[in-house]
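Okay, upload-v2.txt is below, compact mmCIF, C-alpha atoms:
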# COMPACT_ATOMS: atom_id res chain seq x y z
CA MET A 26 -30.86 24.86 5.56
CA ASP A 27 -33.44 22.07 5.47
CA GLY A 28 -33.04 21.77 1.70
CA PHE A 29 -29.24 21.61 2.03
CA LEU A 30 -29.45 18.86 4.66
CA ALA A 31 -32.06 16.89 2.71
CA GLN A 32 -29.98 16.98 -0.48
CA THR A 33 -26.82 16.03 1.39
CA LEU A 34 -28.42 13.05 3.13
CA LEU A 35 -29.97 11.71 -0.08
CA ALA A 36 -26.73 12.20 -2.02
CA LEU A 37 -24.64 10.37 0.59
CA ALA A 38 -27.18 7.53 0.77
CA SER A 39 -27.12 7.18 -3.02
CA ILE A 40 -23.32 7.19 -3.16
CA LEU A 41 -22.93 4.53 -0.48
CA ALA A 42 -25.72 2.28 -1.81
CA VAL A 43 -24.43 2.24 -5.39
CA ALA A 44 -20.82 1.81 -4.21
CA ARG A 45 -21.69 -1.26 -2.13
CA LEU A 46 -23.80 -2.71 -4.95
CA LEU A 47 -21.20 -2.33 -7.69
CA GLY A 48 -18.42 -3.31 -5.29
CA ALA A 49 -20.19 -6.59 -4.51
CA LEU A 50 -20.87 -7.16 -8.22
CA ALA A 51 -17.20 -6.60 -9.05
CA ALA A 52 -16.17 -9.10 -6.37
CA ARG A 53 -18.54 -11.72 -7.78
CA LEU A 54 -17.00 -11.22 -11.23
CA GLY A 55 -13.50 -11.77 -9.88
CA GLN A 56 -12.61 -8.09 -10.00
CA PRO A 57 -11.21 -6.03 -7.12
CA ARG A 58 -14.08 -4.69 -5.03
CA ILE A 59 -12.55 -1.22 -5.17
CA GLY A 60 -12.89 -1.26 -8.96
CA GLY A 61 -16.67 -1.49 -8.68
CA GLU A 62 -16.73 1.19 -5.99
CA MET A 63 -14.62 3.44 -8.20
CA LEU A 64 -16.98 3.02 -11.13
CA ALA A 65 -19.96 3.66 -8.83
CA GLY A 66 -18.45 6.88 -7.52
CA LEU A 67 -17.78 8.22 -10.98
CA LEU A 68 -21.28 7.32 -12.19
CA VAL A 69 -23.13 8.75 -9.19
CA GLY A 70 -20.92 11.83 -9.07
CA GLY A 71 -21.45 12.48 -12.75
CA ALA A 72 -25.20 11.91 -12.49
CA LEU A 73 -25.86 14.06 -9.41
CA MET A 74 -23.11 16.66 -9.18
CA SER A 75 -21.72 17.31 -12.65
CA PRO A 76 -23.31 20.39 -14.28
CA TRP A 77 -24.34 18.63 -17.47
CA ARG A 78 -27.86 17.46 -16.69
CA HIS A 79 -29.66 19.54 -19.32
CA ALA A 80 -27.36 18.69 -22.18
CA GLY A 81 -28.15 20.59 -25.35
CA LEU A 82 -29.68 23.55 -23.56
CA ALA A 83 -28.06 26.88 -22.88
CA HIS A 84 -28.13 26.36 -19.12
CA HIS A 85 -26.45 23.38 -17.46
CA ALA A 86 -27.26 22.73 -13.81
CA ALA A 87 -26.38 19.84 -11.51
CA VAL A 88 -29.11 17.98 -9.65
CA LEU A 89 -27.53 19.03 -6.36
CA SER A 90 -26.96 22.63 -5.34
CA PRO A 91 -23.40 24.02 -5.53
CA ALA A 92 -23.27 24.20 -1.73
CA VAL A 93 -24.04 20.48 -1.40
CA VAL A 94 -21.50 19.61 -4.11
CA ASP A 95 -18.83 21.66 -2.33
CA PHE A 96 -19.60 20.00 1.00
CA ILE A 97 -19.43 16.49 -0.47
CA ASP A 98 -16.17 17.38 -2.21
CA LEU A 99 -14.70 18.64 1.07
CA LEU A 100 -15.89 15.55 2.96
CA GLY A 101 -14.38 13.31 0.29
CA GLN A 102 -11.04 15.13 0.40
CA VAL A 103 -10.82 14.69 4.18
CA GLY A 104 -11.78 11.04 3.80
CA ALA A 105 -9.04 10.50 1.22
CA VAL A 106 -6.47 12.04 3.57
CA LEU A 107 -7.55 9.73 6.41
CA TYR A 108 -7.51 6.74 4.05
CA LEU A 109 -3.93 7.48 3.01
CA LEU A 110 -3.06 7.61 6.71
CA LEU A 111 -4.42 4.06 7.03
CA VAL A 112 -2.50 2.92 3.96
CA GLY A 113 0.72 4.30 5.42
CA LEU A 114 0.16 2.31 8.61
CA THR A 115 0.58 -0.92 6.64
CA LEU A 116 4.23 -0.07 5.92
CA SER A 117 6.91 0.24 8.55
CA PRO A 118 10.29 1.91 7.94
CA LEU A 119 11.86 -1.46 8.70
CA ASP A 120 9.82 -3.12 5.93
CA LEU A 121 10.93 -0.42 3.51
CA ARG A 122 14.61 -0.83 4.42
CA ARG A 123 14.45 -4.60 4.13
CA ASN A 124 12.88 -4.42 0.68
CA ALA A 125 14.67 -1.30 -0.59
CA ARG A 126 16.33 -3.19 -3.45
CA GLY A 127 13.07 -4.67 -4.69
CA ILE A 128 11.29 -1.31 -4.34
CA ALA A 129 13.94 0.41 -6.43
CA ALA A 130 13.93 -2.40 -9.01
CA ALA A 131 10.14 -2.22 -9.38
CA GLY A 132 9.75 1.56 -9.21
CA LEU A 133 12.66 3.09 -11.11
CA PRO A 134 11.87 1.35 -14.44
CA VAL A 135 8.35 2.85 -14.27
CA ILE A 136 9.87 6.33 -13.98
CA VAL A 137 12.22 5.70 -16.91
CA ALA A 138 9.49 4.19 -19.11
CA ALA A 139 7.11 7.09 -18.38
CA ALA A 140 9.84 9.62 -19.19
CA VAL A 141 10.56 7.89 -22.51
CA LEU A 142 6.90 7.74 -23.59
CA ALA A 143 5.85 11.16 -22.25
CA PRO A 144 6.99 13.13 -25.34
CA LEU A 145 5.00 10.76 -27.55
CA ALA A 146 1.90 11.27 -25.39
CA ALA A 147 2.40 15.05 -25.34
CA ALA A 148 2.65 15.09 -29.13
CA TRP A 149 -0.49 13.00 -29.54
CA PHE A 150 -2.59 15.20 -27.26
CA ALA A 151 -1.22 18.51 -28.53
CA GLY A 152 -3.75 20.87 -30.05
CA ALA A 153 -6.70 23.02 -29.06
CA PRO A 154 -9.28 20.25 -28.41
CA TRP A 155 -7.24 18.81 -25.53
CA GLN A 156 -6.15 22.13 -24.00
CA LEU A 157 -2.85 20.58 -22.92
CA ALA A 158 -0.27 23.02 -21.58
CA GLY A 159 2.43 23.81 -24.08
CA GLY A 160 6.16 23.31 -24.14
CA THR A 161 8.01 21.51 -21.37
CA ALA A 162 4.94 21.64 -19.14
CA ALA A 163 3.10 19.32 -21.55
CA VAL A 164 5.82 16.68 -21.29
CA LEU A 165 5.90 16.99 -17.49
CA VAL A 166 2.12 16.65 -17.30
CA MET A 167 2.07 13.52 -19.46
CA ALA A 168 5.06 12.00 -17.65
CA ALA A 169 3.25 12.50 -14.35
CA ALA A 170 0.04 10.96 -15.70
CA LEU A 171 1.85 7.93 -17.17
CA MET A 172 3.87 7.38 -14.01
CA VAL A 173 1.33 7.74 -11.22
CA ASN A 174 0.04 4.60 -9.49
CA GLY A 175 -3.16 4.11 -7.53
CA PHE A 176 -1.36 2.77 -4.47
CA PRO A 177 -4.34 3.31 -2.11
CA PHE A 178 -6.35 0.97 -4.33
CA VAL A 179 -3.38 -1.38 -4.62
CA ALA A 180 -3.35 -1.54 -0.81
CA ARG A 181 -7.05 -2.49 -0.82
CA ILE A 182 -6.42 -5.22 -3.40
CA LEU A 183 -3.50 -6.61 -1.41
CA GLN A 184 -5.62 -6.49 1.75
CA GLU A 185 -8.47 -8.37 0.09
CA ARG A 186 -6.00 -11.09 -0.92
CA GLU A 187 -4.26 -11.11 2.48
CA LEU A 188 -0.99 -9.95 0.92
CA ILE A 189 -0.70 -6.56 2.59
CA HIS A 190 1.97 -7.70 5.07
CA GLY A 191 5.28 -9.29 4.20
CA GLY A 192 7.99 -8.73 1.63
CA PHE A 193 5.77 -8.83 -1.46
CA GLY A 194 3.31 -6.30 -0.07
CA ALA A 195 6.08 -3.97 1.14
CA THR A 196 7.81 -4.12 -2.25
CA VAL A 197 4.65 -3.36 -4.20
CA LEU A 198 3.44 -0.56 -1.92
CA GLY A 199 6.91 0.97 -1.61
CA ALA A 200 7.35 1.03 -5.38
CA SER A 201 3.82 2.34 -5.84
CA ALA A 202 4.44 5.19 -3.40
CA LEU A 203 7.73 6.01 -5.13
CA VAL A 204 6.17 6.34 -8.57
CA THR A 205 3.26 8.35 -7.16
CA ALA A 206 5.23 10.93 -5.17
CA LEU A 207 7.36 11.99 -8.15
CA PRO A 208 4.37 12.87 -10.42
CA PHE A 209 3.11 15.40 -7.90
CA VAL A 210 6.59 16.94 -7.77
CA LEU A 211 6.58 17.13 -11.57
CA LEU A 212 3.14 18.70 -11.47
CA ALA A 213 4.35 21.28 -8.96
CA VAL A 214 7.14 22.18 -11.39
CA ALA A 215 4.71 22.33 -14.31
CA GLU A 216 2.47 24.66 -12.29
CA ARG A 217 5.53 26.78 -11.47
CA ARG A 218 4.85 26.33 -7.78
CA SER A 219 8.60 26.13 -7.29
CA PRO A 220 10.08 29.44 -8.51
CA SER A 221 13.27 29.15 -10.49
CA HIS A 222 15.46 31.66 -8.63
CA GLY A 223 15.99 33.94 -5.68
CA THR A 224 14.56 33.97 -2.21
CA ALA A 225 11.32 32.34 -3.33
CA LEU A 226 13.22 29.20 -4.33
CA LEU A 227 15.01 29.22 -0.99
CA ALA A 228 11.68 29.51 0.83
CA TYR A 229 10.24 26.62 -1.15
CA ALA A 230 13.27 24.43 -0.36
CA LEU A 231 12.97 25.41 3.31
CA LEU A 232 9.33 24.35 3.41
CA LEU A 233 10.25 21.00 1.86
CA LEU A 234 12.90 20.50 4.56
CA ILE A 235 10.39 21.43 7.27
CA ALA A 236 7.91 18.86 5.96
CA LEU A 237 10.65 16.21 5.90
CA ALA A 238 11.76 17.18 9.41
CA VAL A 239 8.21 16.87 10.74
CA GLY A 240 7.95 13.37 9.29
CA VAL A 241 11.32 12.29 10.70
CA ALA A 242 10.44 13.75 14.10
CA ALA A 243 7.12 11.90 14.13
CA ALA A 244 8.83 8.63 13.24
CA THR A 245 11.50 9.12 15.91
CA LEU A 246 9.53 10.53 18.83
CA TRP A 247 6.09 9.02 18.47
CA PRO A 248 6.62 5.71 20.35
CA THR A 249 8.03 7.66 23.33
CA LEU A 250 5.24 10.24 23.28
CA ALA A 251 2.56 7.56 22.93
CA SER A 252 3.93 5.61 25.91
CA ARG A 253 3.92 8.76 28.05
CA PHE A 254 0.32 9.55 27.18
CA LYS A 255 -0.57 5.98 27.97
CA SER A 256 0.50 6.43 31.59
CA SER A 257 -0.78 10.00 32.01
CA PRO A 258 -4.20 11.35 33.05
CA LEU A 259 -4.75 12.16 29.38
CA ALA A 260 -4.64 8.46 28.48
CA GLY A 261 -7.40 7.10 26.30
CA ALA A 262 -8.19 8.67 22.96
CA THR A 263 -5.56 11.42 23.21
CA PRO A 264 -2.77 9.61 21.28
CA LEU A 265 -5.30 8.68 18.61
CA VAL A 266 -6.47 12.29 18.27
CA LEU A 267 -2.88 13.55 18.18
CA ALA A 268 -2.07 11.06 15.44
CA VAL A 269 -4.93 12.36 13.31
CA ILE A 270 -3.88 15.96 14.03
CA ALA A 271 -0.33 15.14 12.92
CA ALA A 272 -1.66 13.61 9.71
CA LEU A 273 -3.80 16.66 8.98
CA ILE A 274 -0.93 19.10 9.63
CA VAL A 275 1.54 17.27 7.39
CA ALA A 276 -1.21 16.84 4.79
CA TRP A 277 -1.66 20.62 4.89
CA LEU A 278 2.09 21.09 4.36
CA THR A 279 2.21 18.81 1.32
CA LEU A 280 -0.96 20.47 0.01
CA GLN A 281 0.85 23.80 0.07
CA LEU A 282 4.02 22.36 -1.44
CA LEU A 283 2.80 19.80 -3.96
CA GLY A 284 -0.89 20.55 -4.36
CA THR A 285 -2.05 17.36 -2.63
CA GLY A 286 -2.47 16.42 1.02
CA LEU A 287 -2.60 12.70 0.29
CA LEU A 288 1.14 12.11 0.28
CA GLY A 289 1.62 13.88 3.63
CA ALA A 290 -0.96 11.70 5.36
CA PHE A 291 0.66 8.60 3.85
CA LEU A 292 4.09 9.57 5.19
CA VAL A 293 2.65 10.17 8.66
CA GLY A 294 1.06 6.73 8.53
CA ILE A 295 4.43 5.16 7.79
CA ALA A 296 5.96 7.06 10.71
CA LEU A 297 3.20 6.07 13.14
CA SER A 298 3.39 2.41 12.13
CA ARG A 299 6.34 2.11 14.55
CA SER A 300 3.89 2.31 17.47
CA THR A 301 1.90 -0.91 17.64
CA ALA A 302 -0.68 0.58 20.01
CA THR A 303 -1.30 3.63 17.82
CA ARG A 304 -1.42 1.57 14.64
CA THR A 305 -3.93 -0.85 16.12
CA ALA A 306 -6.11 1.93 17.52
CA LEU A 307 -6.20 3.79 14.21
CA GLU A 308 -6.96 0.65 12.22
CA GLN A 309 -9.77 -0.31 14.59
CA THR A 310 -11.22 3.19 14.76
CA LEU A 311 -10.84 4.41 11.19
CA GLY A 312 -10.40 1.15 9.30
CA ARG A 313 -14.07 0.21 9.59
CA SER A 314 -15.50 3.49 8.38
CA VAL A 315 -13.12 5.45 6.18
CA PRO A 316 -12.71 2.92 3.31
CA VAL A 317 -16.39 1.99 3.29
CA ILE A 318 -17.96 5.42 3.72
CA LEU A 319 -15.57 8.27 2.94
CA VAL A 320 -13.61 6.82 0.01
CA PRO A 321 -16.79 6.36 -2.11
CA VAL A 322 -17.67 9.97 -1.27
CA PHE A 323 -14.27 11.08 -2.57
CA LEU A 324 -14.78 9.08 -5.76
CA ALA A 325 -18.23 10.58 -6.29
CA ALA A 326 -16.87 14.10 -5.81
CA THR A 327 -14.16 13.31 -8.34
CA GLY A 328 -16.77 11.94 -10.74
CA ALA A 329 -18.49 15.32 -10.67
CA ARG A 330 -15.57 16.66 -12.70
CA LEU A 331 -16.35 14.35 -15.59
CA ASP A 332 -18.57 15.99 -18.20
CA PRO A 333 -20.22 13.30 -20.37
CA ARG A 334 -20.93 15.93 -23.04
CA VAL A 335 -17.30 15.62 -24.13
CA LEU A 336 -17.47 11.84 -24.59
CA ASP A 337 -17.33 11.70 -28.38
CA LEU A 338 -15.39 9.38 -30.66
CA GLY A 339 -12.32 11.57 -30.43
CA VAL A 340 -12.21 11.27 -26.64
CA LEU A 341 -12.74 7.51 -26.80
CA GLU A 342 -9.91 7.23 -29.32
CA GLY A 343 -7.69 9.35 -27.10
CA ALA A 344 -8.62 7.20 -24.10
CA ALA A 345 -7.65 4.06 -26.03
CA VAL A 346 -4.25 5.58 -26.90
CA PHE A 347 -3.64 6.84 -23.37
CA THR A 348 -4.66 3.52 -21.78
CA SER A 349 -2.33 1.70 -24.17
CA LEU A 350 0.50 3.96 -23.07
CA LEU A 351 -0.30 3.29 -19.41
CA VAL A 352 -0.17 -0.46 -20.03
CA ALA A 353 3.04 -0.07 -22.04
CA VAL A 354 4.73 1.77 -19.16
CA ALA A 355 3.81 -0.98 -16.71
CA ALA A 356 4.80 -3.77 -19.14
CA LEU A 357 8.17 -2.22 -19.99
CA ALA A 358 8.88 -1.59 -16.32
CA GLY A 359 7.95 -5.15 -15.36
CA SER A 360 10.17 -6.62 -18.06
CA ALA A 361 13.07 -4.43 -16.96
CA SER A 362 12.55 -5.32 -13.29
CA ALA A 363 12.79 -9.03 -14.04
CA ARG A 364 16.06 -8.53 -15.93
CA ILE A 365 17.96 -6.10 -13.73
CA SER A 366 17.28 -7.46 -10.26
CA HIS A 367 16.56 -10.53 -8.18
CA ILE A 368 12.84 -10.20 -8.97
CA GLY A 369 11.83 -13.31 -10.89
CA ALA A 370 9.60 -13.38 -13.94
CA ASN A 371 6.59 -14.61 -11.95
CA ASP A 372 6.86 -11.92 -9.29
CA ALA A 373 7.47 -9.32 -11.98
CA ARG A 374 4.17 -10.21 -13.67
CA ALA A 375 2.27 -9.76 -10.42
CA ILE A 376 4.01 -6.48 -9.64
CA THR A 377 3.31 -5.28 -13.19
CA ALA A 378 -0.40 -6.01 -12.74
CA LEU A 379 -0.49 -3.98 -9.54
CA ILE A 380 1.70 -1.13 -10.81
CA ASN A 381 -0.63 -0.85 -13.81
CA CYS A 382 -3.55 -0.07 -11.46
CA ARG A 383 -3.80 3.75 -11.61
CA GLY A 384 -6.93 4.09 -9.46
CA MET A 385 -7.74 7.11 -7.39
CA MET A 386 -4.34 8.83 -7.67
CA LEU A 387 -4.72 9.34 -11.43
CA LEU A 388 -8.19 10.73 -10.73
CA ALA A 389 -6.76 13.10 -8.11
CA LEU A 390 -3.90 14.08 -10.41
CA GLY A 391 -6.25 14.74 -13.32
CA ALA A 392 -8.54 16.86 -11.13
CA GLN A 393 -5.57 18.89 -9.89
CA MET A 394 -4.30 19.42 -13.43
CA ALA A 395 -7.74 20.63 -14.51
CA ASP A 396 -7.94 23.02 -11.54
CA HIS A 397 -4.67 24.63 -12.65
CA ARG A 398 -5.71 24.63 -16.31
CA LEU A 399 -2.93 22.35 -17.45
CA ILE A 400 -5.46 20.10 -19.23
CA GLY A 401 -8.99 20.60 -20.54
CA PRO A 402 -12.25 18.68 -19.93
CA ARG A 403 -11.63 16.27 -22.81
CA LEU A 404 -8.25 15.21 -21.43
CA VAL A 405 -9.77 14.93 -17.94
CA ALA A 406 -12.23 12.41 -19.43
CA VAL A 407 -9.32 10.55 -21.06
CA PHE A 408 -7.50 10.32 -17.73
CA PHE A 409 -10.62 9.13 -15.93
CA ILE A 410 -11.31 6.42 -18.50
CA GLY A 411 -7.69 5.30 -18.27
CA ALA A 412 -7.90 5.15 -14.47
CA VAL A 413 -11.04 2.99 -14.56
CA ALA A 414 -9.74 0.73 -17.34
CA THR A 415 -6.41 -0.02 -15.68
CA THR A 416 -8.05 -0.61 -12.30
CA LEU A 417 -10.45 -3.11 -13.81
CA MET A 418 -7.54 -4.85 -15.54
CA THR A 419 -5.86 -5.59 -12.22
CA GLY A 420 -7.97 -8.59 -11.21
CA PRO A 421 -7.61 -10.52 -14.50
CA LEU A 422 -3.90 -9.67 -14.86
CA LEU A 423 -3.15 -10.73 -11.29
CA ALA A 424 -5.13 -13.94 -11.75
CA ARG A 425 -3.22 -14.72 -14.96
CA ALA A 426 0.10 -14.08 -13.20
CA GLY A 427 -0.97 -16.48 -10.45
CA ARG A 428 -1.85 -19.22 -12.93
CA LEU A 429 1.49 -18.88 -14.70
CA ALA A 430 3.37 -18.92 -11.40
CA ARG A 431 1.58 -22.05 -10.20
CA ARG A 432 2.17 -23.78 -13.52
CA ALA A 433 5.89 -22.94 -13.43
CA ALA A 434 6.14 -24.13 -9.81
CA SER A 435 4.39 -27.39 -10.71
CA GLU A 436 6.79 -28.03 -13.60
CA ASP A 437 9.81 -27.31 -11.41
CA GLN A 438 8.28 -29.19 -8.45
CA VAL A 439 8.76 -26.26 -6.09
CA GLN A 440 6.48 -24.26 -3.83
CA PRO A 441 4.62 -21.50 -5.71
CA PRO A 442 4.96 -17.92 -4.41
CA SER A 443 2.52 -17.09 -1.62
CA TRP A 444 0.76 -14.34 -3.58
CA SER A 445 -0.19 -16.84 -6.32
CA THR A 446 -2.03 -19.15 -3.92
CA ARG A 447 -4.59 -16.54 -2.86
CA ASP A 448 -7.98 -17.04 -4.42
CA GLY A 449 -8.73 -13.33 -4.41
CA ALA A 450 -11.81 -13.73 -2.24
CA THR A 451 -12.74 -10.31 -0.97
CA ARG A 452 -13.80 -9.14 2.44
CA ALA A 453 -15.04 -5.88 3.79
CA PRO A 454 -12.23 -3.50 4.78
CA GLY A 455 -13.11 -3.82 8.45
CA GLU A 456 -12.74 -7.58 8.31
CA GLN A 457 -9.00 -7.57 7.74
CA ARG A 458 -6.79 -10.26 9.12
CA PRO A 459 -4.75 -9.28 12.18
CA ARG A 460 -1.33 -7.85 11.41
CA ALA A 461 1.40 -10.41 11.53
CA ALA A 462 4.05 -9.98 14.17
CA ALA A 463 7.24 -8.39 12.93

So, in terms of structure tokens, how does the structure I just supplied come out?
Amino acid sequence: MDGFLAQTLLALASILAVARLLGALAARLGQPRIGGEMLAGLLVGGALMSPWRHAGLAHHAAVLSPAVVDFIDLLGQVGAVLYLLLVGLTLSPLDLRRNARGIAAAGLPVIVAAAVLAPLAAAWFAGAPWQLAGGTAAVLVMAAALMVNGFPFVARILQERELIHGGFGATVLGASALVTALPFVLLAVAERRSPSHGTALLAYALLLLIALAVGVAAATLWPTLASRFKSSPLAGATPLVLAVIAALIVAWLTLQLLGTGLLGAFLVGIALSRSTATRTALEQTLGRSVPVILVPVFLAATGARLDPRVLDLGVLEGAAVFTSLLVAVAALAGSASARISHIGANDARAITALINCRGMMLLALGAQMADHRLIGPRLVAVFFIGAVATTLMTGPLLARAGRLARRAASEDQVQPPSWSTRDGATRAPGEQRPRAAA
């Protein structure tokens, strides 16, 4: 027991120290802080928890014991669920309704572009070295990977630039959530979680309806329930605890249905955003600890799945192809968004930069695919490299979009868009600006 505790404490200290160091370094280089923290998590996780330490020998053992690795993985998964709850709190149903047209215009072209390029990606990564599932499942897997967006990281980037609230933030996060929910549905189909006929299909559809009903009920009843608890003897932390319980229950439902609890917690966050008191309490209580402490733990646990022994020239070539496809999906979607809707060219460039950030959701998707043997270790490495590369692209691409927007505004003698006037200076997650009044 003492050895387990000692290893756990040292591992957590290492994860947090390296995450803060690389996060600060990324911020000084003009990159999103979360990009440095992501890289730190993958490096520390791979160094301490991945069973590759004695490369070249018959036996491969991680530095940490399997029990410690499992505990850190579990802690990181819970932290990711709570973080998605916080991300959901930044969006209200009213914001989503007001910006529904922009969300659809930004999100649907991503889905179409990913669907068009998925067969090409499936053909490229076909063959024994990649261990990609065959047939239709291969196309579904690649479509999901090309489509998914790292919207939790996008929320952090928007928060750092004070863009999380307002029409631009709601459009970006709404579109990001749209193109992230569908990949997990596709993955559920590829895993044959949803049977194709009979009573099993009916049961699956019923569970989906139950999950939707729970979310709608939470959105409808929560303000009333919260006000009653406020005036009852149970006032105090009870509404906050109930909110977390609701998030965990719906996360469990989506875990059973789609293989991930992250989307369920996000939906509960959106529902609970209708209660100002609950939203403020959750942001004050969880917002200062979850992003800074538990998210790096999740990233480190994910990094443990990366086996550096597979990083040969073939994997690096595959990562270059896959990353190019990710960028192509975002670029095609951004170009289409600017042409088919009221989204202007300048806003489309900024949205493209943020949609291109694949972040932690591509990591989670890749880990889930590997768990269900839809992809092999080499393709896991390709996905991880693509996630890091696109996340680190976000800062420069967003800065370039801002320069072009300011230049165009100067030539036309008009006010530049608000997102282009942010200098990108970062702050710790707990130091967020108060939420603007609706």

message: I want to know what sits within 6 Å of stretch 161-178 of chain A, based on all atoms listed in the file, with residues of the same chain fewer than 3 positions away left out; could you give that as a ChimeraX atom specification?
response: /A:139-140,143-144,147,158,181,201,204-205,208,211,215,351,382-386

field: Two-atom distance - atom CA of A:Thr327, atom CA of A:Gly284 (Å)
entry: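 So the answer is 15.6 Å.
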
message: Give me the residues near A:Leu288 as a ChimeraX atom specification, where near means some atom within 10 Å (using all atoms listed in the file) and where sequence neighbours in that chain fewer than 2 positions away do not count.
response: /A:106,109-110,113,202,205-206,209,272,275-276,278-280,283-286,290-294

Write the selection just made, keeping C-alpha atoms, as a compact mmCIF listing (two decimals), in the frame of the given file?
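Contents of again-v7.txt, as written:
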# COMPACT_ATOMS: atom_id res chain seq x y z
CA VAL A 106 -6.47 12.04 3.57
CA LEU A 109 -3.93 7.48 3.01
CA LEU A 110 -3.06 7.61 6.71
CA GLY A 113 0.72 4.30 5.42
CA ALA A 202 4.44 5.19 -3.40
CA THR A 205 3.26 8.35 -7.16
CA ALA A 206 5.23 10.93 -5.17
CA PHE A 209 3.11 15.40 -7.90
CA ALA A 272 -1.66 13.61 9.71
CA VAL A 275 1.54 17.27 7.39
CA ALA A 276 -1.21 16.84 4.79
CA LEU A 278 2.09 21.09 4.36
CA THR A 279 2.21 18.81 1.32
CA LEU A 280 -0.96 20.47 0.01
CA LEU A 283 2.80 19.80 -3.96
CA GLY A 284 -0.89 20.55 -4.36
CA THR A 285 -2.05 17.36 -2.63
CA GLY A 286 -2.47 16.42 1.02
CA ALA A 290 -0.96 11.70 5.36
CA PHE A 291 0.66 8.60 3.85
CA LEU A 292 4.09 9.57 5.19
CA VAL A 293 2.65 10.17 8.66
CA GLY A 294 1.06 6.73 8.53

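Here atom CA of A:Leu64 and atom CA of A:Val335 stand 18.1 Å from one another.
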
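Non-sequential neighbours of A:Leu324 (distance at most 7 Å, separation of 5 or more positions within a chain, only C-alpha atoms) are A:Met63, A:Gly66, A:Leu67.
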